[in-house]
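Next comes run_34.txt, with compact mmCIF, C-alpha atoms and all ligand atoms.
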# COMPACT_ATOMS: atom_id res chain seq x y z
CA MET A 277 -30.46 2.10 -2.84
CA ALA A 278 -27.32 0.35 -4.12
CA ALA A 279 -24.00 1.74 -2.91
CA HIS A 280 -21.78 3.96 -5.04
CA ILE A 281 -18.92 1.81 -6.31
CA ILE A 282 -15.56 3.47 -5.74
CA ASP A 283 -13.52 3.01 -8.90
CA GLY A 284 -9.94 2.43 -7.71
CA LYS A 285 -8.75 1.78 -11.23
CA ALA A 286 -9.85 5.25 -12.35
CA VAL A 287 -8.44 7.01 -9.26
CA ALA A 288 -5.11 5.17 -9.69
CA GLN A 289 -5.01 6.14 -13.37
CA ASN A 290 -5.56 9.81 -12.42
CA ILE A 291 -2.69 9.63 -9.95
CA ARG A 292 -0.39 8.03 -12.54
CA THR A 293 -1.34 10.67 -15.13
CA SER A 294 -0.52 13.55 -12.79
CA LEU A 295 2.70 11.81 -11.70
CA LYS A 296 3.70 11.49 -15.35
CA ALA A 297 3.31 15.26 -15.82
CA GLU A 298 5.20 15.92 -12.59
CA VAL A 299 8.06 13.61 -13.59
CA ALA A 300 8.34 15.34 -16.98
CA LEU A 301 8.63 18.71 -15.23
CA LEU A 302 11.20 17.38 -12.75
CA LYS A 303 13.35 16.22 -15.67
CA GLU A 304 12.90 19.39 -17.68
CA ASN A 305 13.22 22.00 -14.94
CA HIS A 306 15.53 20.31 -12.45
CA ASN A 307 17.29 17.52 -14.32
CA ILE A 308 15.92 15.10 -11.72
CA HIS A 309 15.19 11.58 -13.02
CA PRO A 310 13.30 9.61 -10.34
CA GLY A 311 14.37 5.96 -10.15
CA LEU A 312 13.03 2.86 -8.41
CA ALA A 313 15.07 -0.30 -7.83
CA VAL A 314 12.87 -3.40 -7.74
CA ILE A 315 14.53 -6.50 -6.29
CA GLN A 316 13.07 -9.94 -6.77
CA VAL A 317 14.69 -13.05 -5.31
CA GLY A 318 13.60 -16.41 -6.68
CA GLU A 319 10.85 -17.52 -9.01
CA ASP A 320 7.58 -17.09 -7.06
CA PRO A 321 4.98 -16.77 -9.88
CA ALA A 322 2.69 -14.30 -8.04
CA SER A 323 5.71 -12.12 -7.18
CA LYS A 324 6.77 -12.15 -10.83
CA VAL A 325 3.37 -10.75 -11.85
CA TYR A 326 3.52 -8.03 -9.15
CA VAL A 327 7.06 -7.07 -10.12
CA ARG A 328 6.18 -6.93 -13.82
CA ASN A 329 3.20 -4.65 -13.05
CA LYS A 330 5.35 -2.37 -10.94
CA ARG A 331 7.97 -2.07 -13.68
CA ARG A 332 5.29 -1.35 -16.30
CA ALA A 333 3.79 1.35 -14.13
CA CYS A 334 7.25 2.94 -13.75
CA GLU A 335 7.61 3.00 -17.49
CA GLU A 336 4.18 4.60 -17.93
CA VAL A 337 4.99 7.58 -15.68
CA GLY A 338 8.63 7.96 -16.74
CA VAL A 339 10.24 6.67 -13.54
CA ALA A 340 13.44 4.72 -14.28
CA SER A 341 13.10 1.16 -13.08
CA PHE A 342 16.24 -0.75 -12.12
CA ALA A 343 15.57 -4.48 -12.24
CA HIS A 344 17.46 -6.82 -9.91
CA ASP A 345 16.25 -10.37 -10.54
CA LEU A 346 18.28 -12.63 -8.30
CA PRO A 347 18.27 -16.44 -8.23
CA ALA A 348 16.59 -18.31 -5.35
CA THR A 349 20.06 -19.44 -4.26
CA THR A 350 21.05 -15.83 -3.39
CA SER A 351 22.44 -15.64 0.13
CA GLU A 352 21.29 -13.15 2.73
CA ALA A 353 24.76 -11.57 2.68
CA GLN A 354 24.58 -11.04 -1.09
CA LEU A 355 21.15 -9.41 -0.84
CA LEU A 356 22.30 -7.15 1.99
CA GLU A 357 25.32 -6.15 -0.06
CA LEU A 358 23.08 -5.21 -3.01
CA ILE A 359 20.86 -3.09 -0.77
CA GLN A 360 23.88 -1.31 0.66
CA SER A 361 25.08 -0.44 -2.83
CA LEU A 362 21.60 0.80 -3.85
CA ASN A 363 21.48 2.93 -0.68
CA GLN A 364 24.61 4.69 -2.02
CA ASP A 365 23.42 4.97 -5.64
CA ASP A 366 22.34 8.53 -6.50
CA ALA A 367 20.18 7.37 -9.43
CA VAL A 368 17.99 5.33 -7.05
CA HIS A 369 15.32 7.20 -5.03
CA GLY A 370 13.26 4.18 -4.01
CA ILE A 371 14.17 0.58 -3.18
CA LEU A 372 11.59 -2.16 -3.16
CA VAL A 373 12.19 -5.76 -2.15
CA GLN A 374 9.38 -7.98 -3.37
CA LEU A 375 8.13 -10.26 -0.59
CA PRO A 376 8.08 -13.12 0.28
CA LEU A 377 11.82 -13.84 0.33
CA PRO A 378 13.15 -17.39 0.00
CA LYS A 379 13.73 -19.41 3.19
CA GLY A 380 17.03 -18.63 4.85
CA ILE A 381 16.82 -14.86 4.27
CA GLU A 382 15.58 -12.88 7.25
CA GLU A 383 12.96 -10.45 5.96
CA LYS A 384 13.26 -7.97 8.82
CA LYS A 385 17.04 -7.73 8.48
CA VAL A 386 16.67 -6.96 4.76
CA LEU A 387 13.88 -4.39 5.11
CA ASP A 388 15.62 -2.64 8.01
CA LEU A 389 18.76 -2.15 5.93
CA ILE A 390 16.91 -0.16 3.23
CA SER A 391 17.73 3.49 3.80
CA PRO A 392 14.72 5.25 5.39
CA ASN A 393 15.32 7.90 2.69
CA LYS A 394 14.66 5.34 -0.08
CA ASP A 395 11.93 3.33 1.62
CA ALA A 396 9.45 3.15 -1.29
CA ASP A 397 7.21 0.65 0.51
CA GLY A 398 7.14 2.74 3.69
CA PHE A 399 7.76 -0.30 5.92
CA HIS A 400 10.95 0.92 7.65
CA PRO A 401 10.53 1.35 11.43
CA TYR A 402 11.76 4.96 11.15
CA ASN A 403 9.03 5.86 8.65
CA MET A 404 6.44 3.88 10.59
CA GLY A 405 7.43 5.87 13.70
CA ARG A 406 7.07 9.15 11.81
CA LEU A 407 3.60 8.08 10.69
CA VAL A 408 2.59 7.35 14.29
CA ILE A 409 3.75 10.78 15.53
CA GLY A 410 1.83 12.47 12.71
CA SER A 411 4.86 13.50 10.67
CA PRO A 412 4.79 11.10 7.71
CA THR A 413 7.45 10.90 5.00
CA PHE A 414 7.45 7.62 3.04
CA GLN A 415 4.01 6.10 3.72
CA PRO A 416 3.02 2.45 3.39
CA CYS A 417 1.46 2.20 -0.07
CA THR A 418 -1.74 0.21 0.49
CA PRO A 419 -2.95 2.20 3.53
CA TRP A 420 -2.05 5.43 1.75
CA GLY A 421 -4.07 4.20 -1.25
CA VAL A 422 -7.04 3.56 1.06
CA MET A 423 -6.85 7.15 2.32
CA GLU A 424 -6.63 8.51 -1.23
CA LEU A 425 -9.75 6.55 -2.21
CA LEU A 426 -11.65 8.01 0.77
CA HIS A 427 -10.41 11.48 -0.13
CA HIS A 428 -11.31 11.16 -3.81
CA SER A 429 -14.77 9.88 -2.86
CA GLY A 430 -15.38 13.00 -0.76
CA VAL A 431 -15.78 11.01 2.47
CA GLN A 432 -15.61 13.25 5.55
CA LEU A 433 -13.51 11.59 8.25
CA ALA A 434 -13.35 14.14 11.07
CA GLY A 435 -15.47 13.00 13.98
CA LYS A 436 -16.58 9.82 12.21
CA LYS A 437 -16.33 6.32 13.68
CA ALA A 438 -13.91 4.15 11.71
CA VAL A 439 -13.44 0.43 12.31
CA VAL A 440 -10.33 -1.27 10.92
CA VAL A 441 -10.51 -5.06 10.81
CA GLY A 442 -6.93 -6.41 10.86
CA ARG A 443 -3.82 -5.21 12.72
CA SER A 444 -0.94 -6.14 10.42
CA ASN A 445 2.08 -3.85 10.21
CA ILE A 446 1.56 -3.35 6.47
CA VAL A 447 -2.17 -2.53 6.40
CA GLY A 448 -4.25 -2.54 9.61
CA LYS A 449 -2.00 -0.59 11.98
CA PRO A 450 -0.80 2.08 9.53
CA VAL A 451 -4.28 2.74 8.10
CA ALA A 452 -5.60 3.13 11.65
CA PHE A 453 -3.00 5.83 12.37
CA MET A 454 -3.78 7.58 9.09
CA LEU A 455 -7.50 7.65 9.98
CA LEU A 456 -6.60 8.96 13.43
CA ALA A 457 -4.53 11.73 11.84
CA ALA A 458 -7.62 12.59 9.77
CA HIS A 459 -9.54 13.00 13.07
CA ALA A 460 -11.67 9.85 12.90
CA THR A 461 -12.41 7.91 16.10
CA VAL A 462 -10.70 4.62 15.36
CA THR A 463 -11.29 1.08 16.59
CA ILE A 464 -8.89 -1.69 15.53
CA CYS A 465 -10.30 -5.24 15.49
CA HIS A 466 -8.44 -8.55 15.16
CA SER A 467 -8.89 -12.28 15.60
CA ARG A 468 -9.53 -11.98 19.35
CA THR A 469 -12.17 -9.25 19.05
CA PRO A 470 -15.49 -10.55 20.38
CA ASP A 471 -18.75 -9.46 18.72
CA LEU A 472 -17.11 -8.23 15.55
CA ALA A 473 -20.51 -7.76 13.91
CA GLU A 474 -21.62 -5.44 16.70
CA VAL A 475 -18.43 -3.35 16.54
CA ILE A 476 -18.70 -3.06 12.76
CA GLY A 477 -22.36 -2.10 13.13
CA GLN A 478 -21.31 1.16 14.82
CA ALA A 479 -18.91 2.21 12.09
CA ASP A 480 -19.39 5.04 9.60
CA ILE A 481 -16.30 3.77 7.79
CA VAL A 482 -15.19 0.12 7.65
CA ILE A 483 -11.73 -0.91 6.44
CA ALA A 484 -11.47 -4.69 5.98
CA ALA A 485 -7.91 -6.09 5.88
CA VAL A 486 -8.26 -9.66 7.10
CA GLY A 487 -7.49 -12.06 4.26
CA LYS A 488 -10.71 -14.10 4.67
CA ALA A 489 -13.07 -14.29 1.71
CA LYS A 490 -16.42 -12.50 2.18
CA MET A 491 -16.09 -12.56 5.97
CA VAL A 492 -17.74 -9.18 6.64
CA LYS A 493 -21.48 -9.51 5.94
CA GLY A 494 -23.70 -6.79 4.56
CA GLU A 495 -26.17 -7.16 7.43
CA TRP A 496 -23.40 -6.28 9.94
CA LEU A 497 -23.02 -2.82 8.41
CA LYS A 498 -24.66 0.35 9.61
CA GLU A 499 -26.98 1.72 6.93
CA GLY A 500 -24.96 4.14 4.77
CA ALA A 501 -21.48 3.03 5.92
CA VAL A 502 -18.50 3.53 3.61
CA VAL A 503 -16.65 0.25 3.03
CA ILE A 504 -13.07 -0.12 1.83
CA ASP A 505 -12.15 -3.72 1.14
CA VAL A 506 -8.40 -4.35 1.14
CA GLY A 507 -8.66 -8.15 1.02
CA ILE A 508 -7.57 -10.13 -2.01
CA ASN A 509 -8.69 -13.76 -1.83
CA ARG A 510 -8.68 -16.33 -4.61
CA LEU A 511 -11.74 -18.58 -4.69
CA GLU A 512 -11.70 -22.21 -5.84
CA ASP A 513 -13.04 -21.23 -9.27
CA GLY A 514 -10.02 -18.96 -9.72
CA THR A 515 -11.89 -15.65 -9.30
CA LEU A 516 -10.83 -12.98 -6.83
CA CYS A 517 -12.94 -11.59 -4.02
CA GLY A 518 -12.47 -9.32 -1.03
CA ASP A 519 -12.95 -9.72 2.72
CA VAL A 520 -16.43 -8.21 2.44
CA ASP A 521 -19.45 -10.02 1.05
CA PHE A 522 -19.87 -7.53 -1.78
CA ALA A 523 -23.40 -8.50 -2.89
CA SER A 524 -24.99 -8.08 0.56
CA ALA A 525 -22.86 -5.02 1.43
CA LEU A 526 -23.98 -3.26 -1.75
CA THR A 527 -27.51 -2.92 -0.40
CA ARG A 528 -26.43 -1.41 2.97
CA ALA A 529 -23.34 0.69 2.26
CA SER A 530 -23.39 4.18 0.75
CA ALA A 531 -20.07 3.53 -1.02
CA ILE A 532 -17.87 0.48 -1.44
CA THR A 533 -14.69 -0.60 -3.25
CA PRO A 534 -14.88 -3.65 -5.52
CA VAL A 535 -12.31 -6.48 -5.61
CA PRO A 536 -10.61 -6.44 -8.03
CA GLY A 537 -10.52 -2.81 -9.13
CA GLY A 538 -10.63 -1.09 -5.74
CA VAL A 539 -7.63 -0.82 -3.43
CA GLY A 540 -5.38 -3.09 -5.54
CA PRO A 541 -4.51 -0.60 -8.32
CA MET A 542 -3.88 2.13 -5.72
CA THR A 543 -0.94 0.31 -4.14
CA ILE A 544 1.26 0.64 -7.21
CA ALA A 545 0.18 4.25 -7.83
CA MET A 546 1.26 5.17 -4.29
CA LEU A 547 4.55 3.29 -4.73
CA LEU A 548 5.32 5.55 -7.68
CA LYS A 549 4.27 8.61 -5.68
CA ASN A 550 6.63 7.60 -2.87
CA THR A 551 9.48 7.28 -5.38
CA VAL A 552 8.79 10.67 -6.98
CA GLU A 553 8.48 12.33 -3.56
CA GLY A 554 11.70 10.57 -2.50
CA ALA A 555 13.49 12.14 -5.48
CA LYS A 556 12.05 15.58 -4.66
CA ARG A 557 13.08 15.24 -1.02
CA ARG A 558 16.58 14.14 -1.98
CA HIS A 559 16.92 17.36 -4.02
CA HIS A 560 15.34 19.52 -1.29
CA LEU A 561 12.26 20.43 -3.34
CA ILE A 562 10.02 19.29 -0.47
CA PRO A 563 10.81 18.93 3.26
P1 LIG A 601 -2.36 -10.46 7.77
O1 LIG A 601 -2.64 -11.91 7.64
O2 LIG A 601 -0.98 -10.02 8.10
O3 LIG A 601 -3.34 -9.87 8.88
C1 LIG A 601 -4.67 -10.23 8.95
C2 LIG A 601 -5.32 -9.59 10.14
O4 LIG A 601 -6.67 -10.01 10.20
C3 LIG A 601 -4.66 -9.97 11.47
O5 LIG A 601 -4.49 -8.83 12.26
C4 LIG A 601 -5.68 -10.94 12.10
O6 LIG A 601 -5.75 -10.86 13.50
C5 LIG A 601 -6.99 -10.42 11.51
N1 LIG A 601 -7.99 -11.47 11.51
C6 LIG A 601 -7.88 -12.75 11.08
N2 LIG A 601 -9.02 -13.42 11.26
C7 LIG A 601 -9.89 -12.56 11.83
C8 LIG A 601 -11.23 -12.66 12.26
N3 LIG A 601 -11.92 -13.79 12.15
N4 LIG A 601 -11.81 -11.56 12.79
C9 LIG A 601 -11.14 -10.40 12.90
N5 LIG A 601 -9.85 -10.25 12.50
C10 LIG A 601 -9.23 -11.32 11.97
O7 LIG A 601 -2.90 -9.81 6.43
P2 LIG A 601 -2.48 -8.43 5.68
O8 LIG A 601 -2.80 -7.27 6.55
O9 LIG A 601 -1.14 -8.58 5.10
O10 LIG A 601 -3.52 -8.49 4.47
C11 LIG A 601 -4.92 -8.47 4.67
C12 LIG A 601 -5.60 -8.69 3.33
O11 LIG A 601 -5.29 -7.62 2.48
C13 LIG A 601 -5.17 -9.95 2.57
O12 LIG A 601 -6.29 -10.46 1.86
C14 LIG A 601 -4.14 -9.45 1.60
O13 LIG A 601 -4.05 -10.25 0.44
C15 LIG A 601 -4.70 -8.09 1.27
N6 LIG A 601 -3.70 -7.13 0.83
C16 LIG A 601 -4.01 -6.40 -0.28
C17 LIG A 601 -3.13 -5.46 -0.76
C18 LIG A 601 -3.51 -4.67 -1.95
O14 LIG A 601 -2.66 -4.16 -2.63
N7 LIG A 601 -4.79 -4.51 -2.23
C19 LIG A 601 -1.82 -5.24 -0.13
C20 LIG A 601 -1.64 -5.97 1.11
C21 LIG A 601 -2.55 -6.90 1.54
P3 LIG A 601 -4.53 -11.31 14.47
O15 LIG A 601 -3.55 -10.19 14.41
O16 LIG A 601 -5.17 -11.44 15.80
O17 LIG A 601 -3.99 -12.59 13.90

Could I get this structure in the form of structure tokens?
Ligand code: NDP
Amino acid sequence: MAAHIIDGKAVAQNIRTSLKAEVALLKENHNIHPGLAVIQVGEDPASKVYVRNKRRACEEVGVASFAHDLPATTSEAQLLELIQSLNQDDAVHGILVQLPLPKGIEEKKVLDLISPNKDADGFHPYNMGRLVIGSPTFQPCTPWGVMELLHHSGVQLAGKKAVVVGRSNIVGKPVAFMLLAAHATVTICHSRTPDLAEVIGQADIVIAAVGKAKMVKGEWLKEGAVVIDVGINRLEDGTLCGDVDFASALTRASAITPVPGGVGPMTIAMLLKNTVEGAKRRHHLIP
């Protein structure tokens, strides 16, 4: 039987709709106006699309979006100064720096300066540490989106075997800790993992975050596995595909996310959720 296709677009829309209602109530009942500062440095075309989508999504749910479009010639010192001023700005509850940054600006230095209390992307070492000890505040958006998709699809995680392929700081590692917190038994694979097919074959849940088109084959999967494909790869013909060979996986998995339309739309929805929660935390409405 063909797998159930997990509709990330629909789940993300649901999240945005409930955030919109929540934001309206925050304004009406508490005079709290959540705000997200989105910083873009330079003219990278892909970044421009991402930033535009993020700003549109803010508008849709009623989150104020503060645009900071800086020229590619911006110095590291100037960017750090801007972040420091946004850290102090009471109208800003989330700060996002669109990556990649131009050469000459040290990414880590910039991300580490963002206040952990305004860390909309959830990449700050403080928030990453809280995630690891099971006390999350701002959570990295893509992994959080993966967990929401599993939750919305009614996937039981406790006691299940989960295999994460990829160990990056922005996807693989954080999603592994989130699965662990949900009581799955987690294996993290990477480029040095031998017998990847065999490891994947034992998994009830497979999270693919590699960045290699169609690398995970359907025949590697255990019958009935749930597959979440984080990968976004552009093929020569211009179309997008994931890290999982969707056509062959469809016949083995019980549920699978498509690319596009799976994890992708969730990332922005969770970014907005982080911003709204940041505003609520700032005003002591949540711990
Ligand atoms: P990285 O390149 O940072 O990490 C890739 C990981 O895959 C590394 O840990 C690497 O191992 C591992 N890997 C590479 N080759 C193999 C292999 N042959 N077998 C097993 N593991 C391998 O990527 P990201 O985590 O940033 O992104 C992963 C994918 O997710 C990309 O396609 C990216 O575009 C997409 N993405 C999608 C998002 C969304 O919103 N949907 C957001 C973020 C990312 P090692 O550590 O040993 O090098």

Can you measure CA of Phe399 in chain A to CA of Gly448 in chain A for me? One decimal in Å is fine.
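Answer for the CA of Phe399 in chain A to CA of Gly448 in chain A separation: 12.8 Å.
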
Interatomic distance (Å, one decimal) between atom O13 of ligand LIG 601 (chain A) and CA of Asp505 in chain A:
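Computing it gives 10.4 Å between the two atoms.
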
Tell me which of A:Gln432, A:Ala333, A:Pro450, A:Cys517 sits closest to Asn403 in chain A, counting all atoms listed in the file.
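Smallest distance to Asn403 in chain A is found for A:Pro450.
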
9 Å contact set for Leu455 in chain A, all atoms listed in the file, chain neighbours under 6 positions out, as a PyMOL selection string:
chain A and resi 423+433-434+438+461-462

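Residue neighbourhood of Glu319 in chain A, excluding near-sequence residues (fewer than 2 positions): Gln316, Val317, Pro321, Ala322, Ser323, Lys324, Leu346, Pro347 and Ala348 of chain A, at 9 Å, using all atoms listed in the file.
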
Would you mind exporting C-alpha atoms of the selected residues as a PDB file, in the frame of the given file?
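The resulting file, again.pdb, is shown below:
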ATOM      1  CA  GLN A 316      13.070  -9.940  -6.770  1.00  0.00           C
ATOM      2  CA  VAL A 317      14.690 -13.050  -5.310  1.00  0.00           C
ATOM      3  CA  PRO A 321       4.980 -16.770  -9.880  1.00  0.00           C
ATOM      4  CA  ALA A 322       2.690 -14.300  -8.040  1.00  0.00           C
ATOM      5  CA  SER A 323       5.710 -12.120  -7.180  1.00  0.00           C
ATOM      6  CA  LYS A 324       6.770 -12.150 -10.830  1.00  0.00           C
ATOM      7  CA  LEU A 346      18.280 -12.630  -8.300  1.00  0.00           C
ATOM      8  CA  PRO A 347      18.270 -16.440  -8.230  1.00  0.00           C
ATOM      9  CA  ALA A 348      16.590 -18.310  -5.350  1.00  0.00           C
TER      10      ALA A 348
END

Contacts to ligand LIG 601 (chain A) at 6 Å cut-off (all atoms listed in the file) as a ChimeraX atom specification:
/A:418,441-444,446-448,465-468,485-487,506-509,539-540,543

Quick one, how far is CA of Thr551 in chain A from CA of Glu383 in chain A?
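So the two atoms, CA of Thr551 in chain A and CA of Glu383 in chain A, lie 21.3 Å apart.
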
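Using only C-alpha atoms, the contacts of range 358-374 of chain A at a cut-off of 7 Å, with sequence neighbours closer than 4 positions omitted, comprise Pro310, Gly311, Leu312, Ala313, Val314, Ile315, Gln316, Ser323, Gln354, Ile390, Ser391, Lys394, Asp395, Ala396, Asp397, Thr551, Gly554 and Ala555 of chain A.
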
Shell of 12 Å around Ser429 in chain A, only C-alpha atoms, local chain residues under 6 positions omitted, as a PyMOL selection string:
chain A and resi 280-284+286-287+422-423+502-504+530-533

With C-alpha atoms kept, could you save the residues just selected as a short mmCIF file (atom, residue, chain, number, x, y, z; two decimals), in the frame of the given file?
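Once everything was written out, this is result_21.cif:
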data_model
loop_
_atom_site.label_atom_id
_atom_site.label_comp_id
_atom_site.auth_asym_id
_atom_site.auth_seq_id
_atom_site.Cartn_x
_atom_site.Cartn_y
_atom_site.Cartn_z
CA HIS A 280 -21.78 3.96 -5.04
CA ILE A 281 -18.92 1.81 -6.31
CA ILE A 282 -15.56 3.47 -5.74
CA ASP A 283 -13.52 3.01 -8.90
CA GLY A 284 -9.94 2.43 -7.71
CA ALA A 286 -9.85 5.25 -12.35
CA VAL A 287 -8.44 7.01 -9.26
CA VAL A 422 -7.04 3.56 1.06
CA MET A 423 -6.85 7.15 2.32
CA VAL A 502 -18.50 3.53 3.61
CA VAL A 503 -16.65 0.25 3.03
CA ILE A 504 -13.07 -0.12 1.83
CA SER A 530 -23.39 4.18 0.75
CA ALA A 531 -20.07 3.53 -1.02
CA ILE A 532 -17.87 0.48 -1.44
CA THR A 533 -14.69 -0.60 -3.25
#

Pick from A:Leu355, A:Ala489, A:Met277, A:Val299 nearest to Glu336 in chain A, counting all atoms listed in the file:
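Nearest to Glu336 in chain A: A:Val299.
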
Write out as a list in words each polymer residue whose atoms come within 7 Å of Leu548 in chain A, counting only C-alpha atoms; drop sequence neighbours fewer than 4 positions from it.
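Everything that qualifies: Cys334, Ile544 and Val552 of chain A.
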
I need the residue nearest Leu389 in chain A from this list: A:Gly494, A:Ala288, A:Ser411, A:Glu352. Use all atoms listed in the file for the distance.
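Counting all atoms listed in the file, the residue closest to Leu389 in chain A is A:Glu352.
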
Given all atoms listed in the file as the counted atoms, nearest of A:Val520, A:Met546, A:Ala278, A:Leu356 to Lys384 in chain A
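Closest to Lys384 in chain A of all the choices is A:Leu356.
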
In terms of the shortest atom-to-atom distance over all atoms listed in the file, which of A:Val327, A:Ile483, A:Ile381, A:Ile291 is closest to Thr349 in chain A?
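The closest residue to Thr349 in chain A is A:Ile381.
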
Given all atoms listed in the file as the counted atoms, nearest of A:Leu561, A:Trp496, A:Lys490, A:Ile476 to Asn305 in chain A
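Looking at the shortest contact to Asn305 in chain A, the residue is A:Leu561.
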
Would you mind writing range 316-323 of chain A with all heavy atoms, as an mmCIF file, keeping the file's coordinate frame?
data_model
loop_
_atom_site.group_PDB
_atom_site.id
_atom_site.type_symbol
_atom_site.label_atom_id
_atom_site.label_comp_id
_atom_site.auth_asym_id
_atom_site.auth_seq_id
_atom_site.Cartn_x
_atom_site.Cartn_y
_atom_site.Cartn_z
ATOM 1 N N GLN A 316 13.824 -8.707 -6.945
ATOM 2 C CA GLN A 316 13.070 -9.940 -6.770
ATOM 3 C C GLN A 316 14.053 -11.087 -6.578
ATOM 4 O O GLN A 316 15.004 -11.232 -7.354
ATOM 5 C CB GLN A 316 12.188 -10.196 -7.986
ATOM 6 C CG GLN A 316 11.143 -11.238 -7.685
ATOM 7 C CD GLN A 316 10.496 -11.826 -8.919
ATOM 8 O OE1 GLN A 316 10.669 -11.318 -10.013
ATOM 9 N NE2 GLN A 316 9.779 -12.910 -8.732
ATOM 10 N N VAL A 317 13.823 -11.896 -5.553
ATOM 11 C CA VAL A 317 14.690 -13.050 -5.310
ATOM 12 C C VAL A 317 13.863 -14.311 -5.520
ATOM 13 O O VAL A 317 12.842 -14.498 -4.854
ATOM 14 C CB VAL A 317 15.267 -13.018 -3.874
ATOM 15 C CG1 VAL A 317 16.337 -14.096 -3.725
ATOM 16 C CG2 VAL A 317 15.838 -11.654 -3.529
ATOM 17 N N GLY A 318 14.303 -15.148 -6.448
ATOM 18 C CA GLY A 318 13.600 -16.410 -6.680
ATOM 19 C C GLY A 318 12.544 -16.302 -7.762
ATOM 20 O O GLY A 318 12.458 -15.294 -8.469
ATOM 21 N N GLU A 319 11.734 -17.351 -7.840
ATOM 22 C CA GLU A 319 10.850 -17.520 -9.010
ATOM 23 C C GLU A 319 9.373 -17.550 -8.626
ATOM 24 O O GLU A 319 8.558 -18.077 -9.387
ATOM 25 C CB GLU A 319 11.204 -18.844 -9.706
ATOM 26 C CG GLU A 319 12.627 -18.936 -10.235
ATOM 27 C CD GLU A 319 12.849 -18.037 -11.444
ATOM 28 O OE1 GLU A 319 11.937 -17.933 -12.281
ATOM 29 O OE2 GLU A 319 13.926 -17.421 -11.534
ATOM 30 N N ASP A 320 8.993 -17.031 -7.464
ATOM 31 C CA ASP A 320 7.580 -17.090 -7.060
ATOM 32 C C ASP A 320 6.698 -16.475 -8.170
ATOM 33 O O ASP A 320 6.881 -15.309 -8.540
ATOM 34 C CB ASP A 320 7.418 -16.314 -5.745
ATOM 35 C CG ASP A 320 5.989 -16.336 -5.254
ATOM 36 O OD1 ASP A 320 5.522 -17.421 -4.884
ATOM 37 O OD2 ASP A 320 5.332 -15.278 -5.275
ATOM 38 N N PRO A 321 5.741 -17.266 -8.718
ATOM 39 C CA PRO A 321 4.980 -16.770 -9.880
ATOM 40 C C PRO A 321 4.143 -15.531 -9.572
ATOM 41 O O PRO A 321 4.087 -14.604 -10.396
ATOM 42 C CB PRO A 321 4.070 -17.961 -10.257
ATOM 43 C CG PRO A 321 4.318 -19.042 -9.276
ATOM 44 C CD PRO A 321 5.395 -18.642 -8.340
ATOM 45 N N ALA A 322 3.506 -15.475 -8.377
ATOM 46 C CA ALA A 322 2.690 -14.300 -8.040
ATOM 47 C C ALA A 322 3.591 -13.063 -7.941
ATOM 48 O O ALA A 322 3.254 -11.982 -8.444
ATOM 49 C CB ALA A 322 1.958 -14.526 -6.730
ATOM 50 N N SER A 323 4.783 -13.243 -7.317
ATOM 51 C CA SER A 323 5.710 -12.120 -7.180
ATOM 52 C C SER A 323 6.140 -11.610 -8.549
ATOM 53 O O SER A 323 6.288 -10.405 -8.761
ATOM 54 C CB SER A 323 6.968 -12.543 -6.418
ATOM 55 O OG SER A 323 6.646 -12.853 -5.098
#
